[in-house]
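Below is the file model02.txt, which contains compact mmCIF, C-alpha atoms.
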# COMPACT_ATOMS: atom_id res chain seq x y z
CA MET A 1166 129.45 -59.82 -107.27
CA LYS A 1167 128.46 -56.16 -107.02
CA ARG A 1168 124.77 -55.37 -106.53
CA ARG A 1169 124.51 -53.38 -109.79
CA SER A 1170 126.10 -56.20 -111.79
CA PHE A 1171 123.81 -58.73 -110.11
CA ILE A 1172 120.68 -56.74 -111.00
CA GLN A 1173 121.78 -56.30 -114.61
CA LYS A 1174 122.62 -60.00 -115.03
CA SER A 1175 119.40 -61.08 -113.30
CA LEU A 1176 117.36 -58.89 -115.59
CA LEU A 1177 119.07 -60.34 -118.66
CA ALA A 1178 118.65 -63.90 -117.41
CA THR A 1179 114.96 -63.33 -116.63
CA THR A 1180 114.42 -61.83 -120.06
CA ALA A 1181 116.23 -64.70 -121.73
CA LEU A 1182 114.24 -67.22 -119.71
CA SER A 1183 110.97 -65.57 -120.71
CA LEU A 1184 111.98 -65.48 -124.36
CA SER A 1185 113.32 -69.03 -124.36
CA CYS A 1186 109.90 -70.51 -123.64
CA LYS A 1187 107.64 -67.99 -125.36
CA ASN A 1188 106.76 -70.44 -128.10
CA LYS A 1189 106.98 -73.99 -126.76
CA ALA A 1190 106.22 -75.45 -130.21
CA VAL A 1191 109.56 -74.18 -131.52
CA LEU A 1192 111.56 -75.80 -128.72
CA SER A 1193 112.10 -79.52 -128.42
CA GLN A 1194 113.67 -81.53 -125.60
CA SER A 1195 116.94 -81.71 -127.54
CA ASP A 1196 117.37 -77.94 -127.92
CA THR A 1197 120.44 -76.71 -126.04
CA PHE A 1198 118.72 -73.39 -125.44
CA ARG A 1199 115.83 -75.14 -123.69
CA ASP A 1200 118.23 -77.30 -121.69
CA ASP A 1201 120.13 -74.22 -120.52
CA PHE A 1202 117.13 -72.11 -119.49
CA CYS A 1203 114.45 -74.56 -118.39
CA LYS A 1204 116.25 -76.25 -115.56
CA SER A 1205 115.91 -75.97 -111.83
CA THR A 1206 117.62 -73.02 -110.16
CA PRO A 1207 120.04 -74.14 -107.44
CA ALA A 1208 119.32 -73.17 -103.83
CA ASP A 1209 121.05 -70.03 -102.62
CA GLN A 1210 121.34 -68.13 -99.37
CA GLU A 1211 118.89 -65.34 -98.60
CA GLY A 1212 121.63 -62.85 -97.85
CA PRO A 1213 122.25 -60.68 -94.81
CA TYR A 1214 119.35 -58.25 -95.37
CA HIS A 1215 116.40 -60.64 -95.67
CA ARG A 1216 113.53 -59.81 -93.27
CA GLU A 1217 110.55 -61.89 -92.23
CA GLY A 1218 107.11 -60.31 -92.57
CA MET A 1219 107.62 -58.39 -95.82
CA PRO A 1220 104.42 -56.73 -97.05
CA MET A 1221 102.63 -58.05 -100.13
CA ARG A 1222 103.39 -55.41 -102.76
CA SER A 1223 105.05 -55.27 -106.14
CA ASN A 1224 105.34 -51.48 -106.20
CA LEU A 1225 108.31 -50.47 -104.05
CA GLN A 1226 108.52 -46.99 -105.56
CA ILE A 1227 106.26 -45.39 -102.92
CA TYR A 1228 108.61 -43.03 -101.10
CA LYS A 1229 109.19 -39.35 -101.83
CA GLU A 1230 112.89 -39.55 -102.68
CA LYS A 1231 114.93 -38.34 -105.63
CA VAL A 1232 115.51 -41.65 -107.42
CA ILE A 1233 115.95 -43.32 -110.78
CA PRO A 1234 112.85 -45.47 -111.48
CA PHE A 1235 113.49 -49.11 -112.27
CA GLN A 1236 111.03 -51.78 -113.37
CA PHE A 1237 111.50 -55.42 -114.16
CA ARG A 1238 109.34 -58.34 -115.04
CA GLY A 1239 109.91 -62.03 -115.41
CA LYS A 1240 108.35 -65.45 -115.48
CA VAL A 1241 108.76 -68.43 -113.22
CA LEU A 1242 108.76 -71.60 -115.29
CA SER A 1243 109.06 -75.29 -114.57
CA THR A 1244 111.86 -77.44 -115.96
CA GLN A 1245 109.42 -78.22 -118.80
CA CYS A 1246 109.11 -74.45 -119.50
CA LEU A 1247 105.52 -74.35 -118.23
CA PRO A 1248 104.37 -71.36 -116.13
CA ILE A 1249 104.26 -71.81 -112.37
CA VAL A 1250 101.12 -70.10 -111.09
CA GLY A 1251 101.29 -68.57 -107.61
CA ALA A 1252 105.07 -68.77 -107.19
CA HIS A 1253 106.20 -66.59 -104.30
CA ILE A 1254 108.64 -63.79 -105.24
CA GLN A 1255 110.45 -61.75 -102.58
CA VAL A 1256 112.39 -58.60 -103.46
CA TRP A 1257 114.53 -56.37 -101.28
CA HIS A 1258 117.29 -53.90 -101.99
CA ALA A 1259 119.02 -50.77 -100.75
CA ASN A 1260 117.71 -47.27 -101.29
CA ALA A 1261 119.37 -44.85 -103.74
CA THR A 1262 122.21 -44.12 -101.30
CA GLY A 1263 122.95 -47.78 -100.49
CA PHE A 1264 121.09 -48.03 -97.17
CA TYR A 1265 119.08 -51.18 -96.34
CA ASP A 1266 116.07 -50.69 -94.06
CA THR A 1267 116.67 -53.63 -91.74
CA GLU A 1268 114.60 -52.48 -88.76
CA SER A 1269 111.67 -50.14 -89.49
CA SER A 1270 108.07 -51.25 -89.75
CA ASP A 1271 107.92 -49.51 -93.17
CA PHE A 1272 110.02 -52.25 -94.83
CA ARG A 1273 111.39 -49.66 -97.26
CA TYR A 1274 112.26 -51.36 -100.57
CA TYR A 1275 111.07 -54.75 -99.36
CA GLY A 1276 108.10 -56.52 -100.87
CA GLN A 1277 106.68 -59.79 -102.06
CA THR A 1278 104.26 -60.85 -104.74
CA THR A 1279 103.07 -63.98 -106.52
CA THR A 1280 103.07 -64.96 -110.17
CA ASP A 1281 99.91 -64.76 -112.25
CA GLU A 1282 98.24 -67.43 -114.42
CA LYS A 1283 101.09 -67.12 -116.94
CA GLY A 1284 103.81 -67.43 -114.28
CA ALA A 1285 104.60 -63.73 -114.74
CA PHE A 1286 105.53 -61.09 -112.18
CA PHE A 1287 106.26 -57.36 -112.35
CA ILE A 1288 108.21 -55.20 -109.88
CA LYS A 1289 108.21 -51.41 -109.88
CA THR A 1290 111.01 -49.94 -107.79
CA ILE A 1291 114.08 -47.71 -107.92
CA TYR A 1292 117.65 -48.17 -109.04
CA PRO A 1293 119.47 -49.03 -105.78
CA GLY A 1294 122.66 -47.24 -104.72
What would the structure in this file look like if it were written as structure tokens?
Amino acid sequence: MKRRSFIQKSLLATTALSLSCKNKAVLSQSDTFRDDFCKSTPADQEGPYHREGMPMRSNLQIYKEKVIPFQFRGKVLSTQCLPIVGAHIQVWHANATGFYDTESSDFRYYGQTTTDEKGAFFIKTIYPG
């Protein structure tokens, strides 16, 4: 899957997940929508560009480059559609020209954050190339 397609689909899925559990009183255990969106995410590989020691930051748009700003938010929910407080979120991506910073101590376009009391997170970054 291409990176751009992945980001677009992830954003849509995160939005749908957030919307699916916005009002728990409307959803019952038998709702197909709830069954589809409030289930455990399968394990996946980290990918070739993961780096240990990422800084704690949700704003990755800190470099003086000509870029297209990009922001996304989401929620981490349990299989019962309850918020997971303090879930660890790691984000990394290429710069606007497609380059991954795999070696510098700057960790350009790498960051990690945790979810708040509502299970929510927010990332401010750029549209990767």
Quick one: everything within 6 Å of stretch 1253-1267 of chain A, counting all atoms listed in the file, minus sequence neighbours fewer than 6 positions away in the same chain. Send it as an mmCIF file with C-alpha atoms, keeping the file's coordinate frame.
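Dumped everything to part_1.cif:
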data_model
loop_
_atom_site.group_PDB
_atom_site.id
_atom_site.type_symbol
_atom_site.label_atom_id
_atom_site.label_comp_id
_atom_site.auth_asym_id
_atom_site.auth_seq_id
_atom_site.Cartn_x
_atom_site.Cartn_y
_atom_site.Cartn_z
ATOM 1 C CA ARG A 1273 111.390 -49.660 -97.260
ATOM 2 C CA TYR A 1274 112.260 -51.360 -100.570
ATOM 3 C CA TYR A 1275 111.070 -54.750 -99.360
ATOM 4 C CA GLY A 1276 108.100 -56.520 -100.870
ATOM 5 C CA GLN A 1277 106.680 -59.790 -102.060
ATOM 6 C CA THR A 1278 104.260 -60.850 -104.740
ATOM 7 C CA THR A 1279 103.070 -63.980 -106.520
ATOM 8 C CA PRO A 1293 119.470 -49.030 -105.780
ATOM 9 C CA GLY A 1294 122.660 -47.240 -104.720
#
Report task. Find the residues around A:Cys1246 up to 6 Å (all atoms listed in the file counted), leave out those fewer than 2 positions away in its own chain, and share them as a ChimeraX atom specification. Result -> /A:1186,1203,1242-1244
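Taking atom CA of A:Pro1234 and atom CA of A:Lys1289 as endpoints, the distance between them is 7.7 Å.
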Query raised in the report: Nearest to A:Met1219: which of A:Lys1204, A:Asp1271, A:Gln1245, A:Gly1251 is it, counting all atoms listed in the file?
Result: A:Asp1271
Report task. Give me, please, the distance in Å between atom CA of A:Lys1240 and atom CA of A:His1215, quoted to one decimal. Result -> 21.9 Å
Report summary line: The residue from A:Asp1281, A:Glu1211, A:Ser1205, A:Thr1290 with the smallest atom-to-atom distance to A:Pro1248, counting all atoms listed in the file, is A:Asp1281
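Atom CA of A:Phe1237 lies 13.3 Å from atom CA of A:Thr1280.
The shortest atom-to-atom distance to A:Val1241, with only C-alpha atoms taken into account, belongs to A:Phe1286 out of A:Tyr1292, A:Phe1272, A:Phe1286, A:Arg1222.
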